Amino acid sequence: MRNHIAKQQGRPGGEYRAVVIGVSAGGLNALRTILPSLSADFPAPVFIVQHISPDSDDFLSRILAPYSVLTIKEAEEKEKSTAGTIYFAPANYHLLVEEDFTLSLSVEERVNYARPAIDLLFETAAVAYGKHLVGIVLTGANHDGSQGLKKIKQAGGMAIVQDPQTAESPSMPAAAIKACAVDQILPLDDIGPYLNTLFTGRHG
């Protein structure tokens, strides 16, 4: 499989203003790899949907906080997103990004059998950020995120997918690759450094 589908095509890092990440089975290990790589001056918010049990607490943000120099927290209703903060969708709530970049939590029906659903986060963030958004699909056992990543591409944003060969569960990244012409297929270890390069101009 090709590691790189396309180059940046000359886009400056400052053009991107937010990152959305979708992950399911195998997600904890994947996030433990990516989040510590993000630099202390990372100039954008990061929004994450990890498929979790409806009765889970905020264990993801608590477990992952020691691994990152950035602030990691659960998203709150009507919270204004800020650069350098990593937001997780709370259990049993869809996480949405409004056009004024505030966050909303929804208990609407499950999408792809999931709440939170990756597709809803990606689709709403694509409307809010347009070409300034980077979407990332990581390991997972279903196809959630593939249609949302397609919407990000249609809005002019960048699509990154974890190389399925490096995923604990390859179904979700494989579905995303099939759904749209992604910009980058990257091994897990390369995603964090690539984001640093894209947003700060520095590797690592």
# chains A, B, ... in the order shown; residues from 1 in each chain; ligands from 1
$ select_by_dssp --residues "range 31-185 of chain A" --states "strand (DSSP E)" --output "NGL selection string"
:A and (46-50 or 71-74 or 85-88 or 94-97 or 103-106 or 133-137 or 158-162 or 184-185)
$ write_last_selection --atoms "C-alpha atoms" --output "JSON list (two decimals), in the first residue's frame"
[["chain", "number", "residue", "atom", "x", "y", "z"],
["A", 46, "VAL", "CA", -8.21, 19.20, 18.21],
["A", 47, "PHE", "CA", -11.63, 17.53, 18.38],
["A", 48, "ILE", "CA", -11.82, 13.77, 18.95],
["A", 49, "VAL", "CA", -14.59, 11.22, 18.79],
["A", 50, "GLN", "CA", -13.59, 7.89, 20.30],
["A", 71, "THR", "CA", -4.84, 20.66, 27.66],
["A", 72, "ILE", "CA", -7.07, 17.58, 27.30],
["A", 73, "LYS", "CA", -10.71, 17.75, 28.40],
["A", 74, "GLU", "CA", -14.23, 16.66, 27.65],
["A", 85, "THR", "CA", -6.81, 22.27, 23.55],
["A", 86, "ILE", "CA", -7.83, 18.68, 22.81],
["A", 87, "TYR", "CA", -11.57, 18.08, 23.17],
["A", 88, "PHE", "CA", -13.16, 14.65, 23.57],
["A", 94, "HIS", "CA", -22.64, 13.60, 19.67],
["A", 95, "LEU", "CA", -20.02, 16.35, 19.48],
["A", 96, "LEU", "CA", -20.83, 19.08, 16.94],
["A", 97, "VAL", "CA", -18.91, 22.19, 15.89],
["A", 103, "LEU", "CA", -19.20, 23.27, 20.59],
["A", 104, "SER", "CA", -22.56, 21.59, 20.94],
["A", 105, "LEU", "CA", -23.56, 18.27, 22.48],
["A", 106, "SER", "CA", -26.49, 16.34, 21.06],
["A", 133, "LEU", "CA", -9.81, 21.71, 8.48],
["A", 134, "VAL", "CA", -7.70, 18.56, 8.76],
["A", 135, "GLY", "CA", -9.62, 15.31, 9.25],
["A", 136, "ILE", "CA", -8.00, 12.09, 10.46],
["A", 137, "VAL", "CA", -9.46, 8.57, 10.55],
["A", 158, "MET", "CA", -7.22, 17.81, 4.13],
["A", 159, "ALA", "CA", -7.93, 14.10, 4.68],
["A", 160, "ILE", "CA", -5.44, 11.88, 6.51],
["A", 161, "VAL", "CA", -5.93, 8.18, 7.20],
["A", 162, "GLN", "CA", -3.87, 5.82, 9.31],
["A", 184, "GLN", "CA", -2.16, 11.16, 3.09],
["A", 185, "ILE", "CA", -2.05, 7.55, 4.24]]
$ residues_around --residues "Glu123 in chain A" --least-positions-apart "3" --cutoff "7 Å" --atoms "only C-alpha atoms" --output "ChimeraX atom specification"
/A:119-120,126-127,148,151-152
$ select_by_dssp --residues "chain A" --states "helix (DSSP H, G or I)" --output "PyMOL selection string"
chain A and resi 13-15+27-37+59-67+118-132+146-154+164-166+171-179+188-200
$ residues_around --residues "Asp189 in chain A" --least-positions-apart "5" --cutoff "12 Å" --atoms "only C-alpha atoms" --output "PyMOL selection string"
chain A and resi 29-38+138+162-163+166-167+194-195+204
$ closest_residue --among "A:Lys150, A:Gly156, A:Ala128, A:Ser53" --to "Ser81 in chain A" --atoms "only C-alpha atoms"
A:Ala128
$ decode --residues "range 171-193 of chain A" --atoms "N, CA, C and O atoms" --output "PDB file, in the first residue's frame"
ATOM      1  N   SER A 171     -10.528  -1.923   9.593  1.00  0.00           N
ATOM      2  CA  SER A 171     -11.752  -1.715   8.810  1.00  0.00           C
ATOM      3  C   SER A 171     -12.079  -0.240   8.607  1.00  0.00           C
ATOM      4  O   SER A 171     -12.436   0.184   7.504  1.00  0.00           O
ATOM      5  N   MET A 172     -11.975   0.560   9.655  1.00  0.00           N
ATOM      6  CA  MET A 172     -12.386   1.960   9.557  1.00  0.00           C
ATOM      7  C   MET A 172     -11.457   2.763   8.645  1.00  0.00           C
ATOM      8  O   MET A 172     -11.936   3.484   7.763  1.00  0.00           O
ATOM      9  N   PRO A 173     -10.134   2.675   8.813  1.00  0.00           N
ATOM     10  CA  PRO A 173      -9.287   3.387   7.860  1.00  0.00           C
ATOM     11  C   PRO A 173      -9.435   2.877   6.428  1.00  0.00           C
ATOM     12  O   PRO A 173      -9.406   3.667   5.476  1.00  0.00           O
ATOM     13  N   ALA A 174      -9.635   1.580   6.248  1.00  0.00           N
ATOM     14  CA  ALA A 174      -9.823   1.038   4.903  1.00  0.00           C
ATOM     15  C   ALA A 174     -11.093   1.595   4.265  1.00  0.00           C
ATOM     16  O   ALA A 174     -11.102   1.926   3.070  1.00  0.00           O
ATOM     17  N   ALA A 175     -12.166   1.727   5.053  1.00  0.00           N
ATOM     18  CA  ALA A 175     -13.415   2.285   4.532  1.00  0.00           C
ATOM     19  C   ALA A 175     -13.233   3.746   4.141  1.00  0.00           C
ATOM     20  O   ALA A 175     -13.783   4.210   3.130  1.00  0.00           O
ATOM     21  N   ALA A 176     -12.457   4.494   4.933  1.00  0.00           N
ATOM     22  CA  ALA A 176     -12.221   5.906   4.621  1.00  0.00           C
ATOM     23  C   ALA A 176     -11.431   6.051   3.327  1.00  0.00           C
ATOM     24  O   ALA A 176     -11.721   6.930   2.502  1.00  0.00           O
ATOM     25  N   ILE A 177     -10.437   5.198   3.119  1.00  0.00           N
ATOM     26  CA  ILE A 177      -9.641   5.240   1.894  1.00  0.00           C
ATOM     27  C   ILE A 177     -10.513   4.934   0.681  1.00  0.00           C
ATOM     28  O   ILE A 177     -10.369   5.542  -0.384  1.00  0.00           O
ATOM     29  N   LYS A 178     -11.436   4.022   0.858  1.00  0.00           N
ATOM     30  CA  LYS A 178     -12.336   3.652  -0.238  1.00  0.00           C
ATOM     31  C   LYS A 178     -13.336   4.762  -0.542  1.00  0.00           C
ATOM     32  O   LYS A 178     -13.756   4.943  -1.694  1.00  0.00           O
ATOM     33  N   ALA A 179     -13.717   5.540   0.481  1.00  0.00           N
ATOM     34  CA  ALA A 179     -14.792   6.529   0.328  1.00  0.00           C
ATOM     35  C   ALA A 179     -14.352   7.791  -0.401  1.00  0.00           C
ATOM     36  O   ALA A 179     -15.164   8.439  -1.062  1.00  0.00           O
ATOM     37  N   CYS A 180     -13.085   8.173  -0.270  1.00  0.00           N
ATOM     38  CA  CYS A 180     -12.656   9.428  -0.882  1.00  0.00           C
ATOM     39  C   CYS A 180     -11.172   9.406  -1.205  1.00  0.00           C
ATOM     40  O   CYS A 180     -10.437   8.562  -0.691  1.00  0.00           O
ATOM     41  N   ALA A 181     -10.754  10.340  -2.030  1.00  0.00           N
ATOM     42  CA  ALA A 181      -9.339  10.457  -2.412  1.00  0.00           C
ATOM     43  C   ALA A 181      -8.604  11.185  -1.297  1.00  0.00           C
ATOM     44  O   ALA A 181      -8.527  12.413  -1.283  1.00  0.00           O
ATOM     45  N   VAL A 182      -8.069  10.431  -0.348  1.00  0.00           N
ATOM     46  CA  VAL A 182      -7.418  11.044   0.805  1.00  0.00           C
ATOM     47  C   VAL A 182      -6.080  11.648   0.386  1.00  0.00           C
ATOM     48  O   VAL A 182      -5.468  11.252  -0.605  1.00  0.00           O
ATOM     49  N   ASP A 183      -5.625  12.629   1.167  1.00  0.00           N
ATOM     50  CA  ASP A 183      -4.362  13.300   0.857  1.00  0.00           C
ATOM     51  C   ASP A 183      -3.155  12.520   1.344  1.00  0.00           C
ATOM     52  O   ASP A 183      -2.112  12.519   0.696  1.00  0.00           O
ATOM     53  N   GLN A 184      -3.295  11.884   2.518  1.00  0.00           N
ATOM     54  CA  GLN A 184      -2.162  11.156   3.094  1.00  0.00           C
ATOM     55  C   GLN A 184      -2.648   9.863   3.735  1.00  0.00           C
ATOM     56  O   GLN A 184      -3.654   9.865   4.453  1.00  0.00           O
ATOM     57  N   ILE A 185      -1.924   8.789   3.479  1.00  0.00           N
ATOM     58  CA  ILE A 185      -2.046   7.549   4.245  1.00  0.00           C
ATOM     59  C   ILE A 185      -0.731   7.388   4.984  1.00  0.00           C
ATOM     60  O   ILE A 185       0.317   7.246   4.357  1.00  0.00           O
ATOM     61  N   LEU A 186      -0.795   7.444   6.313  1.00  0.00           N
ATOM     62  CA  LEU A 186       0.428   7.506   7.104  1.00  0.00           C
ATOM     63  C   LEU A 186       0.474   6.404   8.157  1.00  0.00           C
ATOM     64  O   LEU A 186      -0.546   6.088   8.773  1.00  0.00           O
ATOM     65  N   PRO A 187       1.645   5.828   8.404  1.00  0.00           N
ATOM     66  CA  PRO A 187       1.804   4.944   9.561  1.00  0.00           C
ATOM     67  C   PRO A 187       1.477   5.717  10.835  1.00  0.00           C
ATOM     68  O   PRO A 187       1.678   6.937  10.903  1.00  0.00           O
ATOM     69  N   LEU A 188       0.987   5.026  11.832  1.00  0.00           N
ATOM     70  CA  LEU A 188       0.570   5.672  13.069  1.00  0.00           C
ATOM     71  C   LEU A 188       1.657   6.582  13.636  1.00  0.00           C
ATOM     72  O   LEU A 188       1.385   7.726  14.039  1.00  0.00           O
ATOM     73  N   ASP A 189       2.883   6.115  13.667  1.00  0.00           N
ATOM     74  CA  ASP A 189       3.974   6.885  14.282  1.00  0.00           C
ATOM     75  C   ASP A 189       4.265   8.197  13.554  1.00  0.00           C
ATOM     76  O   ASP A 189       4.876   9.095  14.133  1.00  0.00           O
ATOM     77  N   ASP A 190       3.842   8.317  12.311  1.00  0.00           N
ATOM     78  CA  ASP A 190       4.151   9.513  11.519  1.00  0.00           C
ATOM     79  C   ASP A 190       3.088  10.599  11.613  1.00  0.00           C
ATOM     80  O   ASP A 190       3.325  11.733  11.172  1.00  0.00           O
ATOM     81  N   ILE A 191       1.928  10.282  12.164  1.00  0.00           N
ATOM     82  CA  ILE A 191       0.815  11.238  12.099  1.00  0.00           C
ATOM     83  C   ILE A 191       1.064  12.460  12.972  1.00  0.00           C
ATOM     84  O   ILE A 191       0.872  13.602  12.532  1.00  0.00           O
ATOM     85  N   GLY A 192       1.491  12.275  14.207  1.00  0.00           N
ATOM     86  CA  GLY A 192       1.749  13.410  15.079  1.00  0.00           C
ATOM     87  C   GLY A 192       2.823  14.336  14.528  1.00  0.00           C
ATOM     88  O   GLY A 192       2.615  15.554  14.428  1.00  0.00           O
ATOM     89  N   PRO A 193       4.000  13.813  14.161  1.00  0.00           N
ATOM     90  CA  PRO A 193       5.016  14.672  13.566  1.00  0.00           C
ATOM     91  C   PRO A 193       4.536  15.376  12.300  1.00  0.00           C
ATOM     92  O   PRO A 193       4.897  16.528  12.048  1.00  0.00           O
TER      93      PRO A 193
END
